[in-house]
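Heads up, the thing below is written out as structure tokens.
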Amino acid sequence: LMFTCMYVALKSRSSYSALPLASILMSFYASKMNLLLISCTLSLVGNAFAWSSGSSRREALRVGGAVVVGIGSSALPHMKQALAVDLKEDYRQGTAALANMDDAAPVPREAYKKLSSGVVYADLRPGKGDPVVQAGSRVNLQWVLRRSNGYFVDSSEVQNSVPFIFTVGDGKAIYGIDEGVLGMKEGGVRRILIPPPLAYVQGLEDGKPGPLPAGYGPRQQMRRIQSVRKDVPGEYVFLEVQLTRLR
């Protein structure tokens with residue numbers, strides 16, 4: 001039906017009454033899938049029809065333009081709305097994936113604490129027991145690494161659930177983690193927002209302070225933050241960590 005409307009409008013050349021209906025139909029389908037490429041293809045088809053029927057080049061371009069504008073103006077808002085629905089808020093902002101929390105429940109602003117170094121953290125789940133992490137403590141962490149917009153980069157789960165093990169202050173962890181885990185109890189989950197100058201400043205090669213993402217792609221994402229976005233206000237490296245062992 002959509003293509004029929006397009007054909008009638010283009011063959012008539014003097015009337016574009018069928019274009020709105022074609023645009024509405026395209027909008028319906030665009031809300032379900034990405035048909036931007038098809039809309040461009042239709043504009044080319046429109047030009048072909050116009051030329052083949054003896055129209056001038058100017059009229060052909062006018063027809064093709066009407067097609068693209070009609071389809072694009074009505075389809076793109078639906079496409080944007082579909083993207084907004086598909087991309088969950090908790091995914092954009094970082095999730096409490098390790099805490100067995102309701103992902104839709106936001107972390108209250110007052111839960112975040114900012115240290116003098118610029119590291120920001122929020123406890124998503126309190127740990128148990130009396131011992132707390134301090135300088136010299138040896139800890140096991142399960143972790144999820146994200147960019148500041150919440151997009152997933154890597155995690156210990158992806159790396160066969162092998163924990164990141166280090167002694168606080170021994171230089172094996174990036175500074176933001178060394179400082180960010182202080183005061184945690186075993187079993188606790190904490191979201192740590194680390195400014196780039198306190199993150200992967202020594203590099204992301206094997207053997208550098210961690211927890212390190214694995215693979216070229218994830219490491220390149222962090223390299224870009226460290227080199228290009230390190231001075232961008234509000235730029236952080238998101239790490240959600242679960243303290244699985246403290247000794």
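Each chain in the structure tokens gets a letter, A, B, ..., in the order shown, and its residues are numbered from 1; ligands are numbered from 1 in order too.
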
What's around A:Ser156 at 12 Å? Count only C-alpha atoms, leave out sequence neighbours fewer than 2 positions away in its own chain, and write the answer as an NGL selection string. :A and (98 or 140-145 or 153-154 or 158-165 or 210-214 or 239-242)

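All residues of protein, DNA or RNA that reach within 12 Å of A:Gln202, judged by only C-alpha atoms and not counting those fewer than 3 positions away in the chain, are Gly171, Lys172, Ala173, Ile174, Tyr175, Pro196, Pro197, Leu198, Ala199, Glu205, Asp206, Gly207, Lys208, Pro209, Gly210, Leu212, Met222, Arg223, Gln226 and Ser227 of chain A.
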
Okay, now the selection with all heavy atoms, as a compact mmCIF listing (two decimals), in the first residue's frame?
# COMPACT_ATOMS: atom_id res chain seq x y z
N GLY A 171 49.97 -0.72 44.92
CA GLY A 171 50.19 -0.24 43.57
C GLY A 171 49.60 -1.10 42.48
O GLY A 171 49.74 -0.79 41.29
N LYS A 172 48.93 -2.20 42.84
CA LYS A 172 48.36 -3.08 41.83
C LYS A 172 46.98 -2.63 41.37
O LYS A 172 46.46 -3.14 40.37
CB LYS A 172 48.29 -4.52 42.35
CG LYS A 172 49.66 -5.16 42.54
CD LYS A 172 49.53 -6.61 42.97
CE LYS A 172 50.91 -7.26 43.11
NZ LYS A 172 50.81 -8.68 43.54
N ALA A 173 46.39 -1.71 42.09
CA ALA A 173 45.08 -1.17 41.72
C ALA A 173 45.23 0.29 41.32
O ALA A 173 46.13 0.99 41.80
CB ALA A 173 44.09 -1.30 42.88
N ILE A 174 44.36 0.75 40.43
CA ILE A 174 44.36 2.17 40.11
C ILE A 174 44.03 2.96 41.38
O ILE A 174 43.35 2.46 42.28
CB ILE A 174 43.35 2.49 38.98
CG1 ILE A 174 41.93 2.05 39.37
CG2 ILE A 174 43.78 1.83 37.67
CD1 ILE A 174 40.88 2.42 38.33
N TYR A 175 44.50 4.19 41.42
CA TYR A 175 44.39 4.96 42.66
C TYR A 175 42.93 5.12 43.11
O TYR A 175 42.63 5.06 44.31
CB TYR A 175 45.03 6.34 42.49
CG TYR A 175 45.02 7.15 43.76
CD1 TYR A 175 45.96 6.92 44.76
CD2 TYR A 175 44.04 8.12 44.00
CE1 TYR A 175 45.94 7.64 45.94
CE2 TYR A 175 44.00 8.84 45.18
CZ TYR A 175 44.96 8.60 46.15
OH TYR A 175 44.92 9.31 47.32
N PRO A 196 39.30 10.59 35.52
CA PRO A 196 40.37 10.02 34.70
C PRO A 196 41.78 10.18 35.26
O PRO A 196 42.59 9.25 35.16
CB PRO A 196 40.21 10.73 33.35
CG PRO A 196 38.74 11.02 33.28
CD PRO A 196 38.35 11.37 34.70
N PRO A 197 42.15 11.32 35.90
CA PRO A 197 43.50 11.43 36.45
C PRO A 197 43.80 10.45 37.59
O PRO A 197 44.96 10.29 37.98
CB PRO A 197 43.55 12.88 36.97
CG PRO A 197 42.54 13.61 36.16
CD PRO A 197 41.44 12.62 35.95
N LEU A 198 42.76 9.78 38.10
CA LEU A 198 42.94 8.79 39.17
C LEU A 198 42.63 7.38 38.68
O LEU A 198 42.51 6.46 39.49
CB LEU A 198 42.05 9.13 40.37
CG LEU A 198 42.24 10.52 40.97
CD1 LEU A 198 41.27 10.74 42.13
CD2 LEU A 198 43.67 10.73 41.44
N ALA A 199 42.51 7.23 37.37
CA ALA A 199 42.14 5.93 36.80
C ALA A 199 43.35 5.28 36.11
O ALA A 199 44.36 5.01 36.77
CB ALA A 199 40.96 6.10 35.85
N GLU A 205 48.04 -1.74 29.49
CA GLU A 205 48.70 -2.98 29.08
C GLU A 205 48.68 -3.98 30.23
O GLU A 205 48.51 -3.63 31.39
CB GLU A 205 50.15 -2.69 28.65
CG GLU A 205 50.28 -1.80 27.42
CD GLU A 205 50.04 -0.33 27.72
OE1 GLU A 205 50.15 0.07 28.92
OE2 GLU A 205 49.71 0.43 26.78
N ASP A 206 48.87 -5.24 29.87
CA ASP A 206 48.92 -6.29 30.88
C ASP A 206 49.98 -5.95 31.93
O ASP A 206 51.08 -5.50 31.61
CB ASP A 206 49.27 -7.64 30.25
CG ASP A 206 48.14 -8.17 29.39
OD1 ASP A 206 47.00 -7.68 29.53
OD2 ASP A 206 48.39 -9.08 28.57
N GLY A 207 49.63 -6.16 33.19
CA GLY A 207 50.55 -5.87 34.28
C GLY A 207 50.41 -4.49 34.88
O GLY A 207 50.97 -4.21 35.94
N LYS A 208 49.62 -3.62 34.23
CA LYS A 208 49.38 -2.29 34.76
C LYS A 208 48.31 -2.36 35.85
O LYS A 208 47.59 -3.35 35.98
CB LYS A 208 48.95 -1.34 33.65
CG LYS A 208 50.00 -1.12 32.56
CD LYS A 208 51.24 -0.43 33.11
CE LYS A 208 52.22 -0.12 31.99
NZ LYS A 208 53.44 0.57 32.49
N PRO A 209 48.19 -1.29 36.67
CA PRO A 209 47.17 -1.30 37.74
C PRO A 209 45.77 -1.55 37.19
O PRO A 209 45.41 -1.06 36.12
CB PRO A 209 47.31 0.10 38.36
CG PRO A 209 48.74 0.48 38.09
CD PRO A 209 49.05 -0.09 36.75
N GLY A 210 45.01 -2.32 37.93
CA GLY A 210 43.68 -2.72 37.48
C GLY A 210 42.57 -2.24 38.40
O GLY A 210 42.80 -1.40 39.27
N LEU A 212 41.73 -4.37 35.02
CA LEU A 212 41.94 -4.07 33.62
C LEU A 212 40.87 -4.70 32.74
O LEU A 212 40.57 -5.89 32.89
CB LEU A 212 43.30 -4.57 33.16
CG LEU A 212 44.54 -3.82 33.66
CD1 LEU A 212 45.80 -4.60 33.29
CD2 LEU A 212 44.59 -2.41 33.08
N MET A 222 38.80 2.96 27.16
CA MET A 222 39.42 3.59 28.32
C MET A 222 40.59 4.49 27.91
O MET A 222 40.80 5.55 28.50
CB MET A 222 39.89 2.52 29.29
CG MET A 222 38.78 1.75 30.00
SD MET A 222 37.75 2.82 31.07
CE MET A 222 36.29 3.04 30.03
N ARG A 223 41.33 4.08 26.89
CA ARG A 223 42.44 4.93 26.42
C ARG A 223 41.91 6.26 25.90
O ARG A 223 42.53 7.31 26.11
CB ARG A 223 43.22 4.21 25.31
CG ARG A 223 44.09 3.05 25.81
CD ARG A 223 45.00 2.55 24.71
NE ARG A 223 45.79 1.41 25.17
CZ ARG A 223 45.53 0.16 24.86
NH1 ARG A 223 44.49 -0.13 24.07
NH2 ARG A 223 46.30 -0.83 25.32
N GLN A 226 41.14 8.45 28.79
CA GLN A 226 42.36 8.94 29.44
C GLN A 226 43.08 9.99 28.60
O GLN A 226 43.76 10.86 29.15
CB GLN A 226 43.31 7.76 29.70
CG GLN A 226 42.81 6.77 30.72
CD GLN A 226 42.63 7.36 32.11
OE1 GLN A 226 41.72 6.99 32.84
NE2 GLN A 226 43.48 8.30 32.49
N SER A 227 42.94 9.93 27.28
CA SER A 227 43.68 10.86 26.42
C SER A 227 42.84 12.03 25.93
O SER A 227 43.28 13.18 25.96
CB SER A 227 44.26 10.11 25.22
OG SER A 227 43.23 9.51 24.45

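Closest approach to A:Val181 among A:Gly136, A:Ser148, A:Pro233, A:Leu243: A:Leu243, based on only C-alpha atoms.
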
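Straight-line separation from atom CA of A:Val119 to atom CA of A:Ile192: 7.2 Å.
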
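Residues of stretch 97-246 of chain A carrying a DSSP assignment of helix (DSSP H, G or I), computed from the backbone, are Ala97, Leu98, Ala99, Arg109, Glu110, Ala111, Tyr175, Gly176, Ile177, Asp178, Glu179, Gly180, Pro196, Pro197, Leu198, Tyr216, Gly217, Pro218, Arg219, Gln220, Gln221, Met222, Arg223, Arg224, Ile225, Gln226 and Ser227 of chain A.
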
Using the selection just defined, write its residues with N, CA, C and O atoms as a compact mmCIF listing (two decimals), in the first residue's frame.
# COMPACT_ATOMS: atom_id res chain seq x y z
N ALA A 97 23.92 -3.85 39.24
CA ALA A 97 23.84 -5.25 38.80
C ALA A 97 24.37 -6.22 39.84
O ALA A 97 23.89 -7.34 39.97
N LEU A 98 25.38 -5.82 40.60
CA LEU A 98 25.99 -6.72 41.55
C LEU A 98 25.25 -6.78 42.88
O LEU A 98 25.52 -7.63 43.71
N ALA A 99 24.33 -5.86 43.08
CA ALA A 99 23.73 -5.71 44.40
C ALA A 99 22.39 -6.42 44.56
O ALA A 99 21.77 -6.34 45.61
N ARG A 109 20.61 10.84 45.45
CA ARG A 109 21.75 11.74 45.36
C ARG A 109 22.51 11.84 46.68
O ARG A 109 23.73 11.90 46.70
N GLU A 110 21.76 11.80 47.78
CA GLU A 110 22.41 11.95 49.08
C GLU A 110 23.24 10.72 49.46
O GLU A 110 24.02 10.77 50.42
N ALA A 111 23.08 9.63 48.71
CA ALA A 111 23.87 8.43 49.01
C ALA A 111 25.31 8.55 48.52
O ALA A 111 26.19 7.82 48.98
N TYR A 175 44.50 4.19 41.42
CA TYR A 175 44.39 4.96 42.66
C TYR A 175 42.93 5.12 43.11
O TYR A 175 42.63 5.06 44.31
N GLY A 176 42.03 5.34 42.14
CA GLY A 176 40.62 5.53 42.50
C GLY A 176 40.00 4.33 43.19
O GLY A 176 39.12 4.48 44.04
N ILE A 177 40.48 3.13 42.85
CA ILE A 177 40.00 1.91 43.52
C ILE A 177 40.66 1.78 44.89
O ILE A 177 40.00 1.43 45.88
N ASP A 178 41.95 2.03 44.96
CA ASP A 178 42.66 1.99 46.24
C ASP A 178 41.94 2.83 47.29
O ASP A 178 41.76 2.42 48.44
N GLU A 179 41.54 4.02 46.88
CA GLU A 179 40.88 4.92 47.81
C GLU A 179 39.39 4.61 47.93
O GLU A 179 38.80 4.74 49.01
N GLY A 180 38.78 4.19 46.83
CA GLY A 180 37.34 4.01 46.80
C GLY A 180 36.82 2.84 47.60
O GLY A 180 35.64 2.81 47.97
N PRO A 196 39.30 10.59 35.52
CA PRO A 196 40.37 10.02 34.70
C PRO A 196 41.78 10.18 35.26
O PRO A 196 42.59 9.25 35.16
N PRO A 197 42.15 11.32 35.90
CA PRO A 197 43.50 11.43 36.45
C PRO A 197 43.80 10.45 37.59
O PRO A 197 44.96 10.29 37.98
N LEU A 198 42.76 9.78 38.10
CA LEU A 198 42.94 8.79 39.17
C LEU A 198 42.63 7.38 38.68
O LEU A 198 42.51 6.46 39.49
N TYR A 216 41.09 -5.55 22.84
CA TYR A 216 41.45 -4.27 22.22
C TYR A 216 40.33 -3.23 22.35
O TYR A 216 40.58 -2.08 22.73
N GLY A 217 39.09 -3.62 22.03
CA GLY A 217 37.99 -2.66 22.05
C GLY A 217 37.76 -2.02 23.41
O GLY A 217 37.77 -0.79 23.53
N PRO A 218 37.55 -2.82 24.47
CA PRO A 218 37.35 -2.23 25.79
C PRO A 218 38.53 -1.36 26.24
O PRO A 218 38.33 -0.30 26.84
N ARG A 219 39.74 -1.79 25.96
CA ARG A 219 40.90 -1.00 26.38
C ARG A 219 40.99 0.31 25.60
O ARG A 219 41.38 1.34 26.15
N GLN A 220 40.60 0.27 24.32
CA GLN A 220 40.62 1.50 23.54
C GLN A 220 39.61 2.51 24.06
O GLN A 220 39.86 3.72 24.04
N GLN A 221 38.46 2.02 24.54
CA GLN A 221 37.49 2.94 25.12
C GLN A 221 38.08 3.68 26.31
O GLN A 221 37.90 4.89 26.47
N MET A 222 38.80 2.96 27.16
CA MET A 222 39.42 3.59 28.32
C MET A 222 40.59 4.49 27.91
O MET A 222 40.80 5.55 28.50
N ARG A 223 41.33 4.08 26.89
CA ARG A 223 42.44 4.93 26.42
C ARG A 223 41.91 6.26 25.90
O ARG A 223 42.53 7.31 26.11
N ARG A 224 40.77 6.21 25.22
CA ARG A 224 40.19 7.44 24.70
C ARG A 224 39.78 8.37 25.83
O ARG A 224 39.98 9.59 25.76
N ILE A 225 39.20 7.81 26.88
CA ILE A 225 38.84 8.63 28.04
C ILE A 225 40.08 9.25 28.66
O ILE A 225 40.11 10.43 29.01
N GLN A 226 41.14 8.45 28.79
CA GLN A 226 42.36 8.94 29.44
C GLN A 226 43.08 9.99 28.60
O GLN A 226 43.76 10.86 29.15
N SER A 227 42.94 9.93 27.28
CA SER A 227 43.68 10.86 26.42
C SER A 227 42.84 12.03 25.93
O SER A 227 43.28 13.18 25.96

Expressed in Å, the length from atom CA of A:Glu235 to atom CA of A:Met184 is 24.2 Å

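What separates atom CA of A:Gly118 from atom CA of A:Gly183 is a distance of 16.8 Å.
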
Residue with the minimum atom-to-atom distance to A:Lys113, picked from A:Arg138, A:Arg147, A:Lys185, A:Arg191 with only C-alpha atoms counted, is A:Arg191
